[in-house]
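Asker: Dropping in query12.csv, which is CSV, C-alpha atoms and all ligand atoms:
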```
chain,number,residue,atom,x,y,z
I,7,MET,CA,-1.4,16.5,5.0
I,8,ALA,CA,-1.7,16.9,1.3
I,9,PRO,CA,-4.8,19.0,0.7
I,10,ILE,CA,-6.5,16.5,-1.5
I,11,LEU,CA,-8.6,13.3,-1.4
I,12,THR,CA,-6.6,10.7,0.4
I,13,PHE,CA,-6.7,7.0,1.4
I,14,ALA,CA,-7.6,8.2,4.9
I,15,ASP,CA,-10.6,10.1,3.6
I,16,THR,CA,-12.0,7.3,1.4
I,17,VAL,CA,-11.3,4.4,3.7
I,18,LEU,CA,-10.2,5.2,7.2
I,19,TRP,CA,-12.4,8.1,8.1
I,20,ASN,CA,-15.2,6.9,5.8
I,21,ALA,CA,-15.7,3.7,7.7
I,22,ARG,CA,-18.5,3.2,10.2
I,23,PRO,CA,-19.8,0.1,12.1
I,24,ARG,CA,-22.8,-1.2,10.3
I,25,ASP,CA,-24.3,-2.1,13.7
I,26,PRO,CA,-23.3,0.9,16.0
I,27,HIS,CA,-23.7,-1.3,19.1
I,28,ARG,CA,-20.9,-3.6,18.1
I,29,PRO,CA,-17.2,-2.6,17.5
I,30,LEU,CA,-15.9,-1.9,14.0
I,31,SER,CA,-14.7,-5.2,12.4
I,32,ILE,CA,-14.4,-6.7,8.9
I,33,ASP,CA,-17.9,-8.2,9.4
I,34,ASN,CA,-19.4,-5.0,10.8
I,35,ILE,CA,-18.4,-2.2,8.5
I,36,HIS,CA,-19.9,0.1,6.0
I,37,PHE,CA,-18.8,3.3,4.3
I,38,GLU,CA,-20.6,6.5,4.6
I,39,ASN,CA,-19.8,8.1,1.3
I,40,THR,CA,-19.2,6.7,-2.2
I,41,PHE,CA,-18.8,8.6,-5.5
I,42,SER,CA,-20.4,6.1,-7.7
I,43,GLY,CA,-23.1,4.6,-5.4
I,44,THR,CA,-22.0,1.1,-6.4
I,45,GLU,CA,-21.5,-1.9,-4.2
I,46,ASP,CA,-18.2,-2.4,-6.0
I,47,GLU,CA,-16.9,0.9,-4.7
I,48,MET,CA,-18.0,-0.1,-1.2
I,49,ASN,CA,-16.3,-3.5,-1.5
I,50,PHE,CA,-13.2,-1.9,-2.8
I,51,TYR,CA,-12.9,0.2,0.3
I,52,LYS,CA,-13.9,-2.8,2.4
I,53,THR,CA,-10.9,-4.8,1.1
I,54,SER,CA,-8.5,-2.0,2.0
I,55,ALA,CA,-10.2,-1.6,5.4
I,56,ALA,CA,-9.9,-5.4,6.0
I,57,VAL,CA,-6.2,-5.2,5.4
I,58,GLU,CA,-6.0,-2.3,7.9
I,59,LEU,CA,-8.0,-4.2,10.5
I,60,GLN,CA,-6.3,-7.6,10.0
I,61,GLY,CA,-2.9,-5.8,10.0
I,62,ILE,CA,-3.4,-4.5,13.6
I,63,GLU,CA,-1.4,-7.6,14.8
I,64,ALA,CA,1.5,-6.4,12.7
I,65,ILE,CA,1.4,-3.1,14.4
I,66,GLN,CA,1.4,-4.8,17.8
I,67,ILE,CA,4.4,-6.9,16.8
I,68,ILE,CA,6.3,-3.7,15.7
I,69,HIS,CA,5.3,-1.9,18.8
I,70,ARG,CA,6.7,-4.7,21.0
I,71,TYR,CA,10.0,-4.5,19.1
I,72,LEU,CA,10.2,-0.7,19.5
I,73,ASN,CA,9.7,-1.1,23.2
I,74,LEU,CA,12.5,-3.6,23.8
I,75,ASP,CA,15.4,-2.2,25.9
I,76,ASP,CA,18.0,-4.0,23.8
I,77,PRO,CA,16.8,-6.0,20.8
I,78,GLN,CA,20.3,-7.6,20.5
I,79,ASP,CA,20.1,-9.1,23.9
I,80,ARG,CA,20.0,-12.9,23.5
I,81,ILE,CA,17.1,-13.1,26.0
I,82,ASN,CA,14.8,-11.6,23.3
I,83,GLU,CA,15.8,-14.0,20.5
I,84,SER,CA,13.0,-16.6,20.9
I,85,GLY,CA,10.3,-13.8,21.3
I,86,LEU,CA,11.6,-12.2,18.2
I,87,ARG,CA,11.5,-15.5,16.3
I,88,ASN,CA,7.9,-16.0,17.3
I,89,ASP,CA,6.9,-12.5,16.3
I,90,LEU,CA,8.5,-12.9,12.9
I,91,ALA,CA,6.7,-16.2,12.4
I,92,ARG,CA,3.5,-14.4,13.4
I,93,LEU,CA,4.2,-11.5,11.1
I,94,LYS,CA,4.6,-14.0,8.2
I,95,ALA,CA,1.2,-15.5,9.1
I,96,VAL,CA,-0.4,-12.0,9.1
I,97,LEU,CA,1.2,-11.3,5.7
I,98,GLU,CA,-0.3,-14.5,4.4
I,99,GLU,CA,-3.7,-13.4,5.7
I,100,LEU,CA,-3.3,-10.0,4.0
I,101,THR,CA,-2.4,-11.7,0.8
I,102,GLU,CA,-5.6,-13.8,0.9
I,103,LEU,CA,-7.6,-10.6,1.6
I,104,MET,CA,-6.0,-8.9,-1.3
I,105,GLY,CA,-6.8,-11.8,-3.7
I,106,SER,CA,-10.4,-11.9,-2.4
I,107,VAL,CA,-11.1,-8.5,-4.0
I,108,LYS,CA,-11.8,-10.3,-7.2
I,109,GLU,CA,-15.0,-11.9,-5.8
I,110,ALA,CA,-16.4,-8.5,-4.7
I,111,VAL,CA,-15.3,-5.9,-7.2
I,112,ASP,CA,-16.1,-6.0,-10.9
I,113,PRO,CA,-13.0,-4.7,-12.8
I,114,ARG,CA,-15.1,-2.9,-15.3
I,115,VAL,CA,-17.2,-1.1,-12.7
I,116,PHE,CA,-14.0,-0.3,-10.8
I,117,TYR,CA,-12.1,1.0,-13.8
I,118,TRP,CA,-14.8,3.0,-15.5
I,119,GLN,CA,-17.1,4.1,-12.7
I,120,VAL,CA,-15.0,4.3,-9.5
I,121,ARG,CA,-11.4,5.0,-10.5
I,122,PRO,CA,-11.9,8.2,-12.4
I,123,TRP,CA,-12.9,9.9,-9.1
I,124,PHE,CA,-9.4,9.1,-7.8
I,125,ASN,CA,-7.6,10.8,-10.6
I,126,GLY,CA,-5.2,13.5,-9.3
I,127,SER,CA,-2.3,15.2,-10.9
I,128,GLY,CA,1.3,15.6,-9.9
I,129,SER,CA,3.4,12.9,-11.6
I,130,GLY,CA,6.4,14.4,-13.5
I,131,GLY,CA,5.8,15.5,-17.1
I,132,GLU,CA,2.1,15.8,-17.4
I,133,GLN,CA,0.0,18.9,-16.9
I,134,ARG,CA,-0.5,19.7,-13.2
I,135,TRP,CA,-3.5,21.1,-11.4
I,136,VAL,CA,-3.0,24.7,-10.4
I,137,TYR,CA,-4.0,26.2,-7.1
I,138,GLU,CA,-4.7,29.8,-8.2
I,139,GLY,CA,-3.1,32.4,-6.0
I,140,ILE,CA,-0.8,29.9,-4.3
I,141,ALA,CA,2.9,30.6,-5.0
I,142,GLU,CA,4.0,27.1,-4.3
I,143,SER,CA,1.3,25.6,-6.5
I,144,ALA,CA,3.8,23.7,-8.6
I,145,VAL,CA,5.0,21.7,-5.5
I,146,VAL,CA,1.7,21.1,-3.8
I,147,ASP,CA,0.9,17.4,-3.6
I,148,THR,CA,-2.1,16.7,-5.8
I,149,SER,CA,-2.1,12.9,-6.3
I,150,GLY,CA,-5.3,11.0,-5.8
I,151,PRO,CA,-6.1,8.4,-3.1
I,152,SER,CA,-4.1,5.2,-3.2
I,153,ALA,CA,-3.6,2.2,-0.9
I,154,GLY,CA,0.1,3.2,-1.4
I,155,GLN,CA,-0.9,5.6,1.5
I,156,SER,CA,-1.8,2.7,3.8
I,157,THR,CA,0.2,3.1,7.0
I,158,ILE,CA,0.1,-0.6,7.7
I,159,MET,CA,2.0,-1.4,4.5
I,160,HIS,CA,4.5,1.3,5.1
I,161,ALA,CA,5.0,0.2,8.7
I,162,ILE,CA,5.7,-3.4,7.7
I,163,ASP,CA,8.2,-2.2,5.1
I,164,ALA,CA,9.9,0.2,7.5
I,165,PHE,CA,10.0,-2.5,10.2
I,166,LEU,CA,11.5,-5.2,8.0
I,167,GLY,CA,13.8,-2.7,6.2
I,168,VAL,CA,12.5,-2.7,2.6
I,169,ASP,CA,14.3,0.1,0.9
I,170,HIS,CA,12.1,1.6,-1.9
I,171,ARG,CA,14.6,4.3,-2.6
I,172,GLN,CA,17.2,2.1,-4.3
I,173,LEU,CA,17.1,1.9,-8.0
I,174,ARG,CA,16.0,-1.4,-9.5
I,175,CYS,CA,18.6,-3.9,-10.2
I,176,PRO,CA,19.3,-4.6,-13.1
I,177,ILE,CA,18.4,-1.0,-13.9
I,178,PRO,CA,15.5,-0.9,-16.3
I,179,SER,CA,15.3,1.4,-19.3
I,180,ILE,CA,14.9,5.1,-18.5
I,181,ARG,CA,11.3,4.9,-19.8
I,182,LYS,CA,10.4,2.2,-17.2
I,183,GLN,CA,12.2,3.8,-14.2
I,184,HIS,CA,9.7,6.6,-14.0
I,185,GLY,CA,8.9,7.6,-10.4
I,186,ASP,CA,10.2,4.5,-8.8
I,187,SER,CA,12.2,5.6,-5.9
I,188,ALA,CA,10.3,8.7,-4.6
I,189,PHE,CA,6.8,7.2,-4.7
I,190,MET,CA,6.6,5.7,-1.2
I,191,ASP,CA,8.2,8.8,0.4
I,192,ARG,CA,5.7,11.0,-1.4
I,193,MET,CA,2.8,8.8,-0.3
I,194,ARG,CA,3.7,9.4,3.4
I,195,ARG,CA,2.8,13.1,2.9
I,196,TYR,CA,-0.9,12.0,2.3
I,197,MET,CA,-1.1,10.2,5.7
I,198,PRO,CA,-2.5,11.6,8.9
I,199,GLY,CA,0.2,13.2,11.0
I,200,SER,CA,0.1,10.6,13.8
I,201,HIS,CA,0.6,7.8,11.3
I,202,ARG,CA,3.6,9.6,9.9
I,203,ASP,CA,5.0,10.1,13.4
I,204,PHE,CA,4.7,6.3,14.0
I,205,LEU,CA,6.6,5.6,10.7
I,206,ASP,CA,9.3,8.0,11.7
I,207,ARG,CA,9.6,6.2,15.0
I,208,ILE,CA,10.1,2.9,13.3
I,209,ASP,CA,12.7,4.5,10.9
I,210,ASP,CA,14.6,5.9,13.9
I,211,THR,CA,14.9,2.6,15.7
I,212,PRO,CA,18.6,2.5,16.9
I,213,VAL,CA,18.9,-1.2,16.0
I,214,ALA,CA,16.7,-2.4,13.1
I,215,ILE,CA,15.4,-6.0,13.2
I,216,ARG,CA,17.1,-6.6,9.9
I,217,GLU,CA,20.5,-5.9,11.6
I,218,VAL,CA,19.7,-8.2,14.5
I,219,ALA,CA,18.6,-10.9,12.0
I,220,THR,CA,21.7,-10.5,9.9
I,221,GLU,CA,23.8,-11.2,13.0
I,222,ARG,CA,21.8,-14.1,14.5
I,223,SER,CA,21.5,-17.3,12.5
I,224,GLY,CA,18.5,-18.2,14.7
I,225,LEU,CA,16.6,-15.3,13.4
I,226,LYS,CA,17.8,-15.1,9.8
I,227,GLU,CA,15.4,-17.7,8.5
I,228,ALA,CA,12.3,-16.3,10.3
I,229,TYR,CA,13.1,-12.8,9.0
I,230,SER,CA,13.6,-14.1,5.5
I,231,ASP,CA,10.4,-16.1,5.7
I,232,ALA,CA,8.5,-13.0,6.6
I,233,MET,CA,10.1,-11.1,3.8
I,234,ARG,CA,9.2,-13.8,1.3
I,235,ALA,CA,5.6,-13.6,2.5
I,236,LEU,CA,5.7,-9.9,1.9
I,237,LYS,CA,7.1,-10.5,-1.6
I,238,ARG,CA,4.2,-13.0,-2.3
I,239,LEU,CA,1.7,-10.3,-1.2
I,240,ARG,CA,3.3,-7.9,-3.7
I,241,ASP,CA,3.1,-10.6,-6.4
I,242,ILE,CA,-0.6,-11.0,-5.8
I,243,HIS,CA,-1.1,-7.2,-5.7
I,244,ILE,CA,0.6,-6.9,-9.1
I,245,ARG,CA,-1.8,-9.4,-10.5
I,246,VAL,CA,-4.8,-7.5,-9.0
I,247,ALA,CA,-3.5,-4.2,-10.4
I,248,CYS,CA,-3.0,-5.8,-13.8
I,249,LEU,CA,-6.6,-7.1,-13.8
I,250,TYR,CA,-8.2,-3.9,-12.5
I,251,VAL,CA,-6.0,-1.2,-14.2
I,252,ILE,CA,-3.6,-2.4,-16.8
I,253,SER,CA,-6.0,-4.8,-18.7
I,254,MET,CA,-9.0,-2.5,-18.2
I,255,ALA,CA,-7.0,0.4,-19.8
I,256,ARG,CA,-7.3,-1.6,-23.0
I,257,THR,CA,-11.1,-2.0,-22.9
I,258,HIS,CA,-13.7,0.3,-24.4
I,259,PRO,CA,-15.6,2.5,-22.1
I,260,PRO,CA,-19.3,1.5,-21.5
I,261,ASP,CA,-21.8,4.0,-23.1
I,262,GLY,CA,-21.7,7.3,-21.3
I,263,PHE,CA,-18.2,6.9,-19.9
I,264,GLN,CA,-15.1,8.6,-21.1
I,265,ARG,CA,-11.7,7.1,-21.7
I,266,ARG,CA,-9.1,8.7,-19.3
I,267,GLU,CA,-6.0,6.6,-20.1
I,268,THR,CA,-4.8,6.0,-23.6
I,269,ARG,CA,-1.5,4.2,-22.9
I,270,GLY,CA,-0.6,0.6,-23.2
I,271,LEU,CA,0.6,-1.9,-20.6
I,272,GLU,CA,3.7,-0.3,-19.2
I,273,GLY,CA,2.2,3.2,-19.6
I,274,ALA,CA,-1.1,2.7,-17.7
I,275,ARG,CA,-1.0,5.3,-15.0
I,276,GLY,CA,-1.8,4.8,-11.3
I,277,THR,CA,-4.0,7.1,-9.4
I,278,GLY,CA,-0.7,8.2,-7.8
I,279,GLY,CA,0.2,9.2,-11.4
I,280,ASN,CA,2.9,6.7,-11.9
I,281,HIS,CA,3.5,4.0,-14.5
I,282,VAL,CA,1.7,1.2,-12.7
I,283,ALA,CA,3.6,-1.8,-13.9
I,284,SER,CA,7.1,-0.4,-13.3
I,285,LEU,CA,6.2,1.1,-10.0
I,286,LEU,CA,4.8,-2.1,-8.6
I,287,LYS,CA,7.6,-4.2,-10.0
I,288,ALA,CA,10.1,-1.9,-8.3
I,289,GLY,CA,8.3,-2.4,-5.0
I,290,ARG,CA,8.4,-6.2,-5.5
I,291,ASP,CA,12.1,-6.1,-6.4
I,292,ALA,CA,12.9,-4.0,-3.4
I,293,THR,CA,11.2,-6.6,-1.2
I,294,GLN,CA,13.0,-9.5,-3.0
I,295,ARG,CA,16.4,-7.7,-2.4
I,296,ALA,CA,15.8,-7.5,1.3
I,297,ILE,CA,15.6,-11.4,1.7
I,298,LEU,CA,18.7,-12.4,3.6
I,299,GLU,CA,19.1,-16.0,2.4
N,1,LIG,C1,-8.7,-3.7,-6.6
N,1,LIG,C2,-7.8,-3.5,-5.7
N,1,LIG,C3,-6.5,-2.8,-5.9
N,1,LIG,C4,-6.0,-2.2,-7.0
N,1,LIG,C5,-6.7,-2.2,-8.4
N,1,LIG,C6,-4.7,-1.6,-6.7
N,1,LIG,C7,-4.0,-0.9,-7.6
N,1,LIG,C8,-2.8,-0.2,-7.3
N,1,LIG,C9,-2.1,0.6,-8.2
N,1,LIG,C10,-2.5,1.0,-9.6
N,1,LIG,C11,-1.0,1.1,-7.5
N,1,LIG,C12,0.1,2.0,-8.1
N,1,LIG,C13,0.2,3.3,-7.4
N,1,LIG,C14,-1.0,4.1,-7.5
N,1,LIG,O1,-1.6,4.3,-8.5
N,1,LIG,O2,-1.5,4.6,-6.4
N,1,LIG,C15,-1.0,0.5,-6.2
N,1,LIG,C16,-0.1,0.7,-5.2
N,1,LIG,C17,-0.1,0.2,-4.0
N,1,LIG,N1,-1.2,-0.5,-3.4
N,1,LIG,FE1,-2.8,-1.2,-4.4
N,1,LIG,N2,-4.5,-1.8,-5.4
N,1,LIG,C18,-5.5,-2.5,-4.9
N,1,LIG,C19,-5.6,-2.9,-3.6
N,1,LIG,C20,-4.7,-2.7,-2.6
N,1,LIG,C21,-4.9,-3.1,-1.2
N,1,LIG,C22,-6.1,-3.8,-0.6
N,1,LIG,C23,-3.7,-2.7,-0.6
N,1,LIG,C24,-3.4,-2.8,0.9
N,1,LIG,C25,-3.7,-1.9,1.8
N,1,LIG,C26,-2.9,-2.1,-1.5
N,1,LIG,C27,-1.6,-1.5,-1.3
N,1,LIG,C28,-0.9,-0.8,-2.2
N,1,LIG,C29,0.5,-0.3,-1.8
N,1,LIG,C30,1.2,-0.5,-0.5
N,1,LIG,C31,0.9,0.3,-3.0
N,1,LIG,C32,2.3,1.0,-3.2
N,1,LIG,C33,3.2,0.2,-4.0
N,1,LIG,C34,3.8,-1.1,-3.3
N,1,LIG,O3,3.9,-1.1,-2.1
N,1,LIG,O4,4.1,-2.0,-4.0
N,1,LIG,N3,-3.5,-2.1,-2.8
N,1,LIG,N4,-2.2,-0.3,-6.1
```
What does this structure look like when you write it as structure tokens?
Answerer:
Amino acid sequence: MAPILTFADTVLWNARPRDPHRPLSIDNIHFENTFSGTEDEMNFYKTSAAVELQGIEAIQIIHRYLNLDDPQDRINESGLRNDLARLKAVLEELTELMGSVKEAVDPRVFYWQVRPWFNGSGSGGEQRWVYEGIAESAVVDTSGPSAGQSTIMHAIDAFLGVDHRQLRCPIPSIRKQHGDSAFMDRMRRYMPGSHRDFLDRIDDTPVAIREVATERSGLKEAYSDAMRALKRLRDIHIRVACLYVISMARTHPPDGFQRRETRGLEGARGTGGNHVASLLKAGRDATQRAILE
């Protein structure tokens, strides 16, 4: 794993059941460590953890698919249709969770008190951190934690066949293309090894569900419905990122806090070091492109 603070550190391995006698759940969770000591930071982690917990059903659906002897066998068609419909419902639940962050996390507290702790280095062009005495210092991954490292989201993308590597279409100006296609690949290097192995397993599926859905009219609609739900999730996520990062980058820091980002709308940088707006739009467009009808 990249030797730096990751999503797994801040969310997955930081989560504990509030009541240790009951299992970990969205209603029974707290986080051992925070940087800022604010409820907002805790609630930010809680939203991400809620997506992970609620997303377990998506993993079960993917798992069922990976274990099919022959996904193209007609006998599996109605089961696959049901699973795609369920996946769509799960994605709608995740979208609702994503939107609910607004009730629990104050954008100003997030931007000025929490987010600076997530700053890493490593996007092209800017000055990078140096690991003294390490020859490969220039290529060591030093981005900060990001929910872009959430295995649930990557698993759903890999399963449905969202291709983040393609350039946007129509191709935006060079300035806006920055970092688009390599971001998701890079984020995988910040995940726990077993999570990466799981994603590799999905990538290596001999017959992807997208291929089956393309050939079967009975599945095409269910597949595209799930993909549309994923697109809506990304639409809401873009709005959240706008509220918490892009708009906040234009505000003045409260007394005692330093400005970290000086760029405008398209230039506001993510903790992964990318141009937030163009990066997120690229992800949304890649999802839109994958819709079959
Ligand atoms: C206040 C809440 C949130 C804010 C402000 C936010 C902001 C951002 C930003 C700025 C990026 C750009 C890349 C980076 O800097 O790391 C990003 C990427 C990403 N975020 Fe979030 N995010 C939030 C919540 C979430 C949640 C709850 C999830 C779900 C687990 C999520 C999933 C992702 C994913 C998968 C990406 C990669 C790009 C994509 O797939 O479209 N985010 N987010």
Asker: Have a look at I:Trp135, I:Phe124, I:Tyr117, I:Phe204 and name the one nearest to Ile252 of chain I; count only C-alpha atoms.
Answerer: I:Tyr117
Asker: At a cut-off of 8 Å, can you tabulate as a tab-separated table every residue of chain I near ligand LIG 1 (chain N) together with its closest atom pair and the distance in Å to one decimal, using all atoms listed in the file and ordering rows by chain then number?
Answerer:
```
residue	atom	partner	partner_atom	distance
I:Phe50	CA	N:LIG1	C1	6.2
I:Tyr51	CA	N:LIG1	C22	7.9
I:Thr53	CA	N:LIG1	C22	5.2
I:Ser54	CA	N:LIG1	C22	4.0
I:Ala55	CA	N:LIG1	C25	7.4
I:Ala56	CA	N:LIG1	C22	7.8
I:Val57	CA	N:LIG1	C25	5.5
I:Glu58	CA	N:LIG1	C25	6.5
I:Leu100	CA	N:LIG1	C24	7.8
I:Leu103	CA	N:LIG1	C22	7.3
I:Met104	CA	N:LIG1	C22	5.1
I:Val107	CA	N:LIG1	C1	6.0
I:Lys108	CA	N:LIG1	C1	7.3
I:Val111	CA	N:LIG1	C1	7.0
I:Pro113	CA	N:LIG1	C1	7.6
I:Phe116	CA	N:LIG1	C1	7.6
I:Gly150	CA	N:LIG1	O2	7.5
I:Pro151	CA	N:LIG1	O2	6.8
I:Ser152	CA	N:LIG1	O2	4.2
I:Ala153	CA	N:LIG1	C27	4.2
I:Gly154	CA	N:LIG1	C31	3.4
I:Gln155	CA	N:LIG1	C30	6.8
I:Ser156	CA	N:LIG1	C25	5.4
I:Ile158	CA	N:LIG1	C25	7.1
I:Met159	CA	N:LIG1	C30	5.1
I:His160	CA	N:LIG1	C30	6.7
I:Phe189	CA	N:LIG1	C32	7.8
I:Met190	CA	N:LIG1	C32	6.7
I:Arg240	CA	N:LIG1	O4	6.0
I:His243	CA	N:LIG1	N3	6.3
I:Ile244	CA	N:LIG1	C7	7.7
I:Val246	CA	N:LIG1	C5	5.7
I:Ala247	CA	N:LIG1	C5	4.3
I:Cys248	CA	N:LIG1	C5	7.5
I:Leu249	CA	N:LIG1	C5	7.3
I:Tyr250	CA	N:LIG1	C5	4.7
I:Val251	CA	N:LIG1	C5	5.9
I:Arg275	CA	N:LIG1	O1	6.6
I:Gly276	CA	N:LIG1	O1	2.9
I:Thr277	CA	N:LIG1	O1	3.8
I:Gly278	CA	N:LIG1	O2	3.9
I:Gly279	CA	N:LIG1	O1	6.0
I:Asn280	CA	N:LIG1	O1	6.1
I:His281	CA	N:LIG1	C12	7.5
I:Val282	CA	N:LIG1	C12	4.9
I:Ala283	CA	N:LIG1	C12	7.8
I:Leu285	CA	N:LIG1	C12	6.5
I:Leu286	CA	N:LIG1	O4	4.7
I:Lys287	CA	N:LIG1	O4	7.3
I:Ala288	CA	N:LIG1	O4	7.4
I:Gly289	CA	N:LIG1	O4	4.3
I:Arg290	CA	N:LIG1	O4	6.2
```
Asker: Please, could you write that set of residues out with C-alpha atoms as a PDB file, keeping the file's coordinate frame?
Answerer:
```pdb
ATOM      1  CA  PHE I  50     -13.200  -1.900  -2.800  1.00  0.00           C
ATOM      2  CA  TYR I  51     -12.900   0.200   0.300  1.00  0.00           C
ATOM      3  CA  THR I  53     -10.900  -4.800   1.100  1.00  0.00           C
ATOM      4  CA  SER I  54      -8.500  -2.000   2.000  1.00  0.00           C
ATOM      5  CA  ALA I  55     -10.200  -1.600   5.400  1.00  0.00           C
ATOM      6  CA  ALA I  56      -9.900  -5.400   6.000  1.00  0.00           C
ATOM      7  CA  VAL I  57      -6.200  -5.200   5.400  1.00  0.00           C
ATOM      8  CA  GLU I  58      -6.000  -2.300   7.900  1.00  0.00           C
ATOM      9  CA  LEU I 100      -3.300 -10.000   4.000  1.00  0.00           C
ATOM     10  CA  LEU I 103      -7.600 -10.600   1.600  1.00  0.00           C
ATOM     11  CA  MET I 104      -6.000  -8.900  -1.300  1.00  0.00           C
ATOM     12  CA  VAL I 107     -11.100  -8.500  -4.000  1.00  0.00           C
ATOM     13  CA  LYS I 108     -11.800 -10.300  -7.200  1.00  0.00           C
ATOM     14  CA  VAL I 111     -15.300  -5.900  -7.200  1.00  0.00           C
ATOM     15  CA  PRO I 113     -13.000  -4.700 -12.800  1.00  0.00           C
ATOM     16  CA  PHE I 116     -14.000  -0.300 -10.800  1.00  0.00           C
ATOM     17  CA  GLY I 150      -5.300  11.000  -5.800  1.00  0.00           C
ATOM     18  CA  PRO I 151      -6.100   8.400  -3.100  1.00  0.00           C
ATOM     19  CA  SER I 152      -4.100   5.200  -3.200  1.00  0.00           C
ATOM     20  CA  ALA I 153      -3.600   2.200  -0.900  1.00  0.00           C
ATOM     21  CA  GLY I 154       0.100   3.200  -1.400  1.00  0.00           C
ATOM     22  CA  GLN I 155      -0.900   5.600   1.500  1.00  0.00           C
ATOM     23  CA  SER I 156      -1.800   2.700   3.800  1.00  0.00           C
ATOM     24  CA  ILE I 158       0.100  -0.600   7.700  1.00  0.00           C
ATOM     25  CA  MET I 159       2.000  -1.400   4.500  1.00  0.00           C
ATOM     26  CA  HIS I 160       4.500   1.300   5.100  1.00  0.00           C
ATOM     27  CA  PHE I 189       6.800   7.200  -4.700  1.00  0.00           C
ATOM     28  CA  MET I 190       6.600   5.700  -1.200  1.00  0.00           C
ATOM     29  CA  ARG I 240       3.300  -7.900  -3.700  1.00  0.00           C
ATOM     30  CA  HIS I 243      -1.100  -7.200  -5.700  1.00  0.00           C
ATOM     31  CA  ILE I 244       0.600  -6.900  -9.100  1.00  0.00           C
ATOM     32  CA  VAL I 246      -4.800  -7.500  -9.000  1.00  0.00           C
ATOM     33  CA  ALA I 247      -3.500  -4.200 -10.400  1.00  0.00           C
ATOM     34  CA  CYS I 248      -3.000  -5.800 -13.800  1.00  0.00           C
ATOM     35  CA  LEU I 249      -6.600  -7.100 -13.800  1.00  0.00           C
ATOM     36  CA  TYR I 250      -8.200  -3.900 -12.500  1.00  0.00           C
ATOM     37  CA  VAL I 251      -6.000  -1.200 -14.200  1.00  0.00           C
ATOM     38  CA  ARG I 275      -1.000   5.300 -15.000  1.00  0.00           C
ATOM     39  CA  GLY I 276      -1.800   4.800 -11.300  1.00  0.00           C
ATOM     40  CA  THR I 277      -4.000   7.100  -9.400  1.00  0.00           C
ATOM     41  CA  GLY I 278      -0.700   8.200  -7.800  1.00  0.00           C
ATOM     42  CA  GLY I 279       0.200   9.200 -11.400  1.00  0.00           C
ATOM     43  CA  ASN I 280       2.900   6.700 -11.900  1.00  0.00           C
ATOM     44  CA  HIS I 281       3.500   4.000 -14.500  1.00  0.00           C
ATOM     45  CA  VAL I 282       1.700   1.200 -12.700  1.00  0.00           C
ATOM     46  CA  ALA I 283       3.600  -1.800 -13.900  1.00  0.00           C
ATOM     47  CA  LEU I 285       6.200   1.100 -10.000  1.00  0.00           C
ATOM     48  CA  LEU I 286       4.800  -2.100  -8.600  1.00  0.00           C
ATOM     49  CA  LYS I 287       7.600  -4.200 -10.000  1.00  0.00           C
ATOM     50  CA  ALA I 288      10.100  -1.900  -8.300  1.00  0.00           C
ATOM     51  CA  GLY I 289       8.300  -2.400  -5.000  1.00  0.00           C
ATOM     52  CA  ARG I 290       8.400  -6.200  -5.500  1.00  0.00           C
TER      53      ARG I 290
END
```
Asker: Quick one: everything within 6 Å of segment 14-21 of chain I, counting all atoms listed in the file, minus sequence neighbours fewer than 2 positions away in the same chain. Send it as number ranges by chain.
Answerer: I: 12, 36-38, 51
Asker: Just to confirm, what's the straight-line distance from atom CA of Asp231 of chain I to atom CA of Met197 of chain I in Å (one decimal)?
Answerer: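 Value for the atom CA of Asp231 of chain I-atom CA of Met197 of chain I distance: 28.7 Å.
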Asker: Just the number, please: distance in Å from atom CA of Asp76 of chain I to atom CA of Thr157 of chain I, one decimal.
Answerer: 25.5 Å
Asker: Quick one: residues within 12 Å of segment 94-97 of chain I, all atoms listed in the file, excluding same-chain residues fewer than 2 positions away - as a PyMOL selection string?
Answerer: chain I and resi 56-67+87-92+99-104+158-159+162-163+166+227-240+242
Asker: Please, what distance in Å, to one decimal, runs between atom CA of Arg134 of chain I and atom CA of Asp191 of chain I?
Answerer: 19.5 Å
Asker: Could you give me, as a list in words, the residues within 12 Å of segment 78-80 of chain I, counting all atoms listed in the file and dropping anything in the same chain fewer than 6 positions from it?
Answerer: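 Final neighbour list, sorted by chain and number: Tyr71, Leu86, Arg87, Pro212, Val213, Ala214, Ile215, Arg216, Glu217, Val218, Ala219, Thr220, Glu221, Arg222, Ser223, Gly224 and Leu225 of chain I.
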